Amino acid sequence: MTKDEFIKCIQSFKAFGTTTRLTDFTWSKGSRSGLTKKAFNEYWTSAQRQAHSLHEISYRACFKPQLPGFFISRLCKIGDSVYDPFMGRGTTLLEAFLFGCKPLGNDINPLSVALVEPRLDPPTIQDISDRLNSIDLTDAQESFPELEVFFHSDTLKQIIALKEYLLAREHSSKLDNLDRWIRMVALNRLTGHSPGFFSVYSLPPNQAVTIDAQRKINKTRSQAPEPKDIVTRIIRRSKSLLKNWAGPQSQHQQHDLKPVLTIGPADNAKSISSGSVQLVVTSPPFVDVVDYQKDNWMRCWFLGIDSSAIKISRLRNAEDWQHLITRVLRDIHRILKPGGYVAFEVGEVRSGTLLLEELVLPAGVEAGLEPVIIMINVQAFTKTANAWGVVNQTKGTNSNRIVVFRKE
């Protein structure tokens, strides 16, 4: 779509039976000022279609696949490049890959590459099973008895043995797509609240609690870890993730869809070529909302890295946050092709008193981008509200708020 066609699409959107409501947002940045429309409607919904099974990886504060899908399907053609500088679990990249676009991603946390890369090159269940059965999970050198509040000692031995096998393969440059897949699934089976996880009952897998907190959970629930076989659980989860995957579509194979994944700050992604991207769909860490370091400490331990050493931004001051976003958008401007687009998703925080889109728009203008429209995807309840039993509009983010820019 052209810019005008896209704006018309947003303003006239009625796919779910509701009419777009428009308001004006007047902004200023230095000597520049302007008026940009805010469009309120339900543009995507979890009921719209079932997301592809490869998306089913837990990660804090991730958006639904329908969000990047909305923009990719309207602003890209097969073979275009799509980029996310805060790729997290890789929702944008995977949706781009499934559409037939080249995925480009960056994140400051090495965990993201471990979660994203294997799902852009899925193996077969038979190959996964054969590889798992070739690994000796009876020999573990590391001692970490404190983790026995999460895992039975026999299970912990298997986990550590698998961790040591994977690290040895990585250090000898032998880690292949099967190893990466197994590592990715294991990362997502470490702790959780159902029998399919390696641990005793705990919080959801995207939010590992501390050892002391798990000790309290065990006492409250009068529970103790039982022995669990990790191989059968990795295979079972792999089958679930691969149930919709039948290999790349033939019309996609004529294009270079090999992913480019980098690790580093989002405002200086040097390995992503200038002028190479048609669309950016991303969501940055919001102001003082999610502690990614704390939540992912166990996953990072399994990867052999110290989560406390990863310099993830968690800014409390709105002005500092806006300065960071300006730097990120300036690098995005470098990376975009002329005529390329940005869909920059944020949300209301602090009980709706801080609307981050109103900080993002002037930041984009300062970075050299042209504002197109602000989209507010209105939904009745958030995943956060449903999961934790809180009243809607009181905790978490209640709506997707997307500032759309274009590079002239």
# chains A, B, ... in the order shown; residues from 1 in each chain; ligands from 1
>>> residues_around(residues="Met375 of chain A", least_positions_apart="3", cutoff="6 Å", atoms="only C-alpha atoms", output="list in words")
Lys38, Ala39, Arg401 and Ile402 of chain A
>>> closest_atom_pairs(of="segment 81-127 of chain A", to="segment 251-263 of chain A", cutoff="8 Å", atoms="only C-alpha atoms", output="CSV")
residue,atom,partner,partner_atom,distance
A:Phe97,CA,A:Leu257,CA,7.1
A:Gly100,CA,A:His252,CA,5.3
A:Cys101,CA,A:Leu257,CA,6.2
A:Lys102,CA,A:Leu257,CA,4.2
A:Pro103,CA,A:Pro259,CA,4.9
A:Leu104,CA,A:Val260,CA,4.8
A:Gly105,CA,A:Leu261,CA,4.8
A:Asn106,CA,A:Thr262,CA,4.7
A:Asp107,CA,A:Ile263,CA,5.2
A:Ile108,CA,A:Ile263,CA,5.1
A:Asn109,CA,A:Ile263,CA,6.6
A:Pro110,CA,A:Ile263,CA,6.1
A:Val113,CA,A:Leu261,CA,6.7
A:Glu117,CA,A:Leu261,CA,7.7
A:Leu120,CA,A:Pro259,CA,7.5
>>> residues_around(residues="Val360 of chain A", least_positions_apart="5", cutoff="12 Å", atoms="only C-alpha atoms", output="number ranges by chain")
A: 27-29, 283-284, 286, 318-319, 321-330, 342-347, 354-355, 365-367, 369, 371, 374, 401-405
>>> write_last_selection(atoms="C-alpha atoms", output="PDB file, in the first residue's frame")
ATOM      1  CA  TRP A  27       2.693  17.664  18.616  1.00  0.00           C
ATOM      2  CA  SER A  28       5.738  19.890  18.620  1.00  0.00           C
ATOM      3  CA  LYS A  29       9.456  19.249  18.543  1.00  0.00           C
ATOM      4  CA  SER A 283       8.155  -2.647  20.832  1.00  0.00           C
ATOM      5  CA  PRO A 284      10.792  -1.284  23.237  1.00  0.00           C
ATOM      6  CA  PHE A 286       8.400   0.432  28.484  1.00  0.00           C
ATOM      7  CA  ALA A 318      10.122   9.545  30.871  1.00  0.00           C
ATOM      8  CA  GLU A 319      12.556  12.096  29.438  1.00  0.00           C
ATOM      9  CA  TRP A 321      13.280   7.014  27.949  1.00  0.00           C
ATOM     10  CA  GLN A 322      12.381   9.431  25.148  1.00  0.00           C
ATOM     11  CA  HIS A 323      16.068  10.214  24.562  1.00  0.00           C
ATOM     12  CA  LEU A 324      16.765   6.488  24.196  1.00  0.00           C
ATOM     13  CA  ILE A 325      13.877   6.050  21.753  1.00  0.00           C
ATOM     14  CA  THR A 326      15.136   9.026  19.695  1.00  0.00           C
ATOM     15  CA  ARG A 327      18.522   7.336  19.337  1.00  0.00           C
ATOM     16  CA  VAL A 328      16.892   4.044  18.370  1.00  0.00           C
ATOM     17  CA  LEU A 329      14.671   5.732  15.773  1.00  0.00           C
ATOM     18  CA  ARG A 330      17.671   7.560  14.351  1.00  0.00           C
ATOM     19  CA  VAL A 342       8.020   1.877  11.029  1.00  0.00           C
ATOM     20  CA  ALA A 343       5.270   0.502  13.298  1.00  0.00           C
ATOM     21  CA  PHE A 344       6.464   1.418  16.793  1.00  0.00           C
ATOM     22  CA  GLU A 345       4.295  -0.190  19.484  1.00  0.00           C
ATOM     23  CA  VAL A 346       4.037   1.094  23.036  1.00  0.00           C
ATOM     24  CA  GLY A 347       1.325   1.234  25.670  1.00  0.00           C
ATOM     25  CA  LEU A 354       1.567   8.276  30.675  1.00  0.00           C
ATOM     26  CA  LEU A 355       0.749   7.721  26.986  1.00  0.00           C
ATOM     27  CA  VAL A 365      10.335  13.515  14.048  1.00  0.00           C
ATOM     28  CA  GLU A 366      13.674  14.426  15.618  1.00  0.00           C
ATOM     29  CA  ALA A 367      15.141  11.255  14.089  1.00  0.00           C
ATOM     30  CA  LEU A 369      10.929  10.238  10.177  1.00  0.00           C
ATOM     31  CA  PRO A 371       4.541  10.655  11.132  1.00  0.00           C
ATOM     32  CA  ILE A 374      -1.204   6.710  15.488  1.00  0.00           C
ATOM     33  CA  ARG A 401      -0.608   1.982  20.802  1.00  0.00           C
ATOM     34  CA  ILE A 402       1.339   2.131  17.539  1.00  0.00           C
ATOM     35  CA  VAL A 403       3.001   5.151  16.015  1.00  0.00           C
ATOM     36  CA  VAL A 404       3.433   4.604  12.276  1.00  0.00           C
ATOM     37  CA  PHE A 405       6.248   6.504  10.557  1.00  0.00           C
TER      38      PHE A 405
END
>>> closest_residue(among="A:Asp212, A:Asp320, A:Asp179, A:Asp295", to="Glu148 of chain A", atoms="only C-alpha atoms")
A:Asp212
>>> residues_around(residues="segment 166-171 of chain A", least_positions_apart="4", cutoff="12 Å", atoms="only C-alpha atoms", output="PyMOL selection string")
chain A and resi 114+131-132+135-137+159-162+175-184+186-187+301-305
>>> write_last_selection(atoms="N, CA and C atoms", output="PDB file, in the first residue's frame")
ATOM      1  N   ALA A 114      18.951 -17.123  21.001  1.00  0.00           N
ATOM      2  CA  ALA A 114      18.721 -18.538  21.316  1.00  0.00           C
ATOM      3  C   ALA A 114      17.252 -18.921  21.162  1.00  0.00           C
ATOM      4  N   ARG A 131      18.810 -36.968  17.937  1.00  0.00           N
ATOM      5  CA  ARG A 131      19.883 -36.214  18.575  1.00  0.00           C
ATOM      6  C   ARG A 131      19.782 -36.319  20.101  1.00  0.00           C
ATOM      7  N   LEU A 132      18.570 -36.151  20.630  1.00  0.00           N
ATOM      8  CA  LEU A 132      18.378 -36.233  22.085  1.00  0.00           C
ATOM      9  C   LEU A 132      18.822 -37.592  22.623  1.00  0.00           C
ATOM     10  N   ILE A 135      22.596 -38.100  23.315  1.00  0.00           N
ATOM     11  CA  ILE A 135      23.270 -37.291  24.342  1.00  0.00           C
ATOM     12  C   ILE A 135      23.264 -38.033  25.673  1.00  0.00           C
ATOM     13  N   ASP A 136      24.417 -38.102  26.309  1.00  0.00           N
ATOM     14  CA  ASP A 136      24.522 -38.715  27.634  1.00  0.00           C
ATOM     15  C   ASP A 136      24.085 -37.708  28.695  1.00  0.00           C
ATOM     16  N   LEU A 137      22.906 -37.945  29.278  1.00  0.00           N
ATOM     17  CA  LEU A 137      22.373 -37.037  30.299  1.00  0.00           C
ATOM     18  C   LEU A 137      22.580 -37.575  31.712  1.00  0.00           C
ATOM     19  N   ILE A 159      19.270 -31.816  33.415  1.00  0.00           N
ATOM     20  CA  ILE A 159      19.306 -30.431  32.920  1.00  0.00           C
ATOM     21  C   ILE A 159      20.742 -29.937  32.811  1.00  0.00           C
ATOM     22  N   ILE A 160      21.530 -30.172  33.853  1.00  0.00           N
ATOM     23  CA  ILE A 160      22.924 -29.717  33.847  1.00  0.00           C
ATOM     24  C   ILE A 160      23.730 -30.466  32.798  1.00  0.00           C
ATOM     25  N   ALA A 161      23.474 -31.751  32.635  1.00  0.00           N
ATOM     26  CA  ALA A 161      24.180 -32.529  31.607  1.00  0.00           C
ATOM     27  C   ALA A 161      23.879 -31.985  30.216  1.00  0.00           C
ATOM     28  N   LEU A 162      22.611 -31.645  29.981  1.00  0.00           N
ATOM     29  CA  LEU A 162      22.248 -31.079  28.686  1.00  0.00           C
ATOM     30  C   LEU A 162      22.897 -29.707  28.509  1.00  0.00           C
ATOM     31  N   LEU A 175      27.869 -26.464  17.351  1.00  0.00           N
ATOM     32  CA  LEU A 175      26.444 -26.294  17.601  1.00  0.00           C
ATOM     33  C   LEU A 175      25.709 -26.146  16.271  1.00  0.00           C
ATOM     34  N   ASP A 176      24.743 -27.030  16.009  1.00  0.00           N
ATOM     35  CA  ASP A 176      24.003 -26.977  14.749  1.00  0.00           C
ATOM     36  C   ASP A 176      22.531 -26.687  15.002  1.00  0.00           C
ATOM     37  N   ASN A 177      21.715 -26.750  13.958  1.00  0.00           N
ATOM     38  CA  ASN A 177      20.316 -26.360  14.109  1.00  0.00           C
ATOM     39  C   ASN A 177      19.553 -27.300  15.046  1.00  0.00           C
ATOM     40  N   LEU A 178      19.956 -28.554  15.121  1.00  0.00           N
ATOM     41  CA  LEU A 178      19.311 -29.487  16.057  1.00  0.00           C
ATOM     42  C   LEU A 178      19.640 -29.125  17.501  1.00  0.00           C
ATOM     43  N   ASP A 179      20.911 -28.837  17.767  1.00  0.00           N
ATOM     44  CA  ASP A 179      21.305 -28.412  19.110  1.00  0.00           C
ATOM     45  C   ASP A 179      20.588 -27.121  19.503  1.00  0.00           C
ATOM     46  N   ARG A 180      20.523 -26.181  18.564  1.00  0.00           N
ATOM     47  CA  ARG A 180      19.863 -24.909  18.859  1.00  0.00           C
ATOM     48  C   ARG A 180      18.389 -25.105  19.144  1.00  0.00           C
ATOM     49  N   TRP A 181      17.745 -25.997  18.394  1.00  0.00           N
ATOM     50  CA  TRP A 181      16.328 -26.272  18.635  1.00  0.00           C
ATOM     51  C   TRP A 181      16.128 -26.883  20.026  1.00  0.00           C
ATOM     52  N   ILE A 182      16.920 -27.880  20.352  1.00  0.00           N
ATOM     53  CA  ILE A 182      16.814 -28.542  21.656  1.00  0.00           C
ATOM     54  C   ILE A 182      17.055 -27.542  22.777  1.00  0.00           C
ATOM     55  N   ARG A 183      18.041 -26.689  22.617  1.00  0.00           N
ATOM     56  CA  ARG A 183      18.328 -25.663  23.626  1.00  0.00           C
ATOM     57  C   ARG A 183      17.146 -24.715  23.785  1.00  0.00           C
ATOM     58  N   MET A 184      16.564 -24.287  22.671  1.00  0.00           N
ATOM     59  CA  MET A 184      15.429 -23.369  22.714  1.00  0.00           C
ATOM     60  C   MET A 184      14.236 -23.974  23.451  1.00  0.00           C
ATOM     61  N   ALA A 186      14.315 -26.495  25.620  1.00  0.00           N
ATOM     62  CA  ALA A 186      14.682 -26.681  27.031  1.00  0.00           C
ATOM     63  C   ALA A 186      14.565 -25.373  27.808  1.00  0.00           C
ATOM     64  N   LEU A 187      14.970 -24.262  27.194  1.00  0.00           N
ATOM     65  CA  LEU A 187      14.853 -22.954  27.841  1.00  0.00           C
ATOM     66  C   LEU A 187      13.405 -22.645  28.220  1.00  0.00           C
ATOM     67  N   TRP A 301      21.203 -18.602  33.023  1.00  0.00           N
ATOM     68  CA  TRP A 301      22.074 -19.598  33.653  1.00  0.00           C
ATOM     69  C   TRP A 301      22.241 -20.817  32.747  1.00  0.00           C
ATOM     70  N   PHE A 302      21.145 -21.279  32.172  1.00  0.00           N
ATOM     71  CA  PHE A 302      21.221 -22.450  31.291  1.00  0.00           C
ATOM     72  C   PHE A 302      22.078 -22.156  30.061  1.00  0.00           C
ATOM     73  N   LEU A 303      22.069 -20.904  29.621  1.00  0.00           N
ATOM     74  CA  LEU A 303      22.891 -20.513  28.465  1.00  0.00           C
ATOM     75  C   LEU A 303      24.352 -20.273  28.836  1.00  0.00           C
ATOM     76  N   GLY A 304      24.639 -20.268  30.158  1.00  0.00           N
ATOM     77  CA  GLY A 304      26.007 -20.040  30.599  1.00  0.00           C
ATOM     78  C   GLY A 304      26.387 -18.575  30.634  1.00  0.00           C
ATOM     79  N   ILE A 305      25.385 -17.682  30.790  1.00  0.00           N
ATOM     80  CA  ILE A 305      25.669 -16.251  30.876  1.00  0.00           C
ATOM     81  C   ILE A 305      25.074 -15.678  32.159  1.00  0.00           C
TER      82      ILE A 305
END
>>> closest_residue(among="A:Gly368, A:Gly90, A:Pro204, A:Pro145", to="Leu54 of chain A", atoms="only C-alpha atoms")
A:Gly90
>>> atom_distance(atom1="atom CA of Met1 of chain A", atom2="atom CA of Tyr341 of chain A")
10.9 Å
>>> select_by_dssp(residues="segment 2-92 of chain A", states="alpha helix (DSSP H)", output="list of chain:residue names")
A:Lys3, A:Asp4, A:Glu5, A:Phe6, A:Ile7, A:Lys8, A:Cys9, A:Ile10, A:Gln11, A:Gln66, A:Leu67, A:Pro68, A:Gly69, A:Phe70, A:Phe71, A:Ile72, A:Ser73, A:Arg74, A:Leu75, A:Thr91, A:Thr92
>>> atom_distance(atom1="atom CA of Leu67 of chain A", atom2="atom CA of Ile312 of chain A")
23.9 Å
>>> closest_residue(among="A:Val200, A:Leu93, A:Ser172, A:Asp331", to="Ile272 of chain A", atoms="only C-alpha atoms")
A:Asp331
>>> atom_distance(atom1="atom CA of Leu356 of chain A", atom2="atom CA of Gly34 of chain A")
17.6 Å
>>> residues_around(residues="Ile217 of chain A", least_positions_apart="4", cutoff="8 Å", atoms="only C-alpha atoms", output="ChimeraX atom specification")
/A:202,213,221
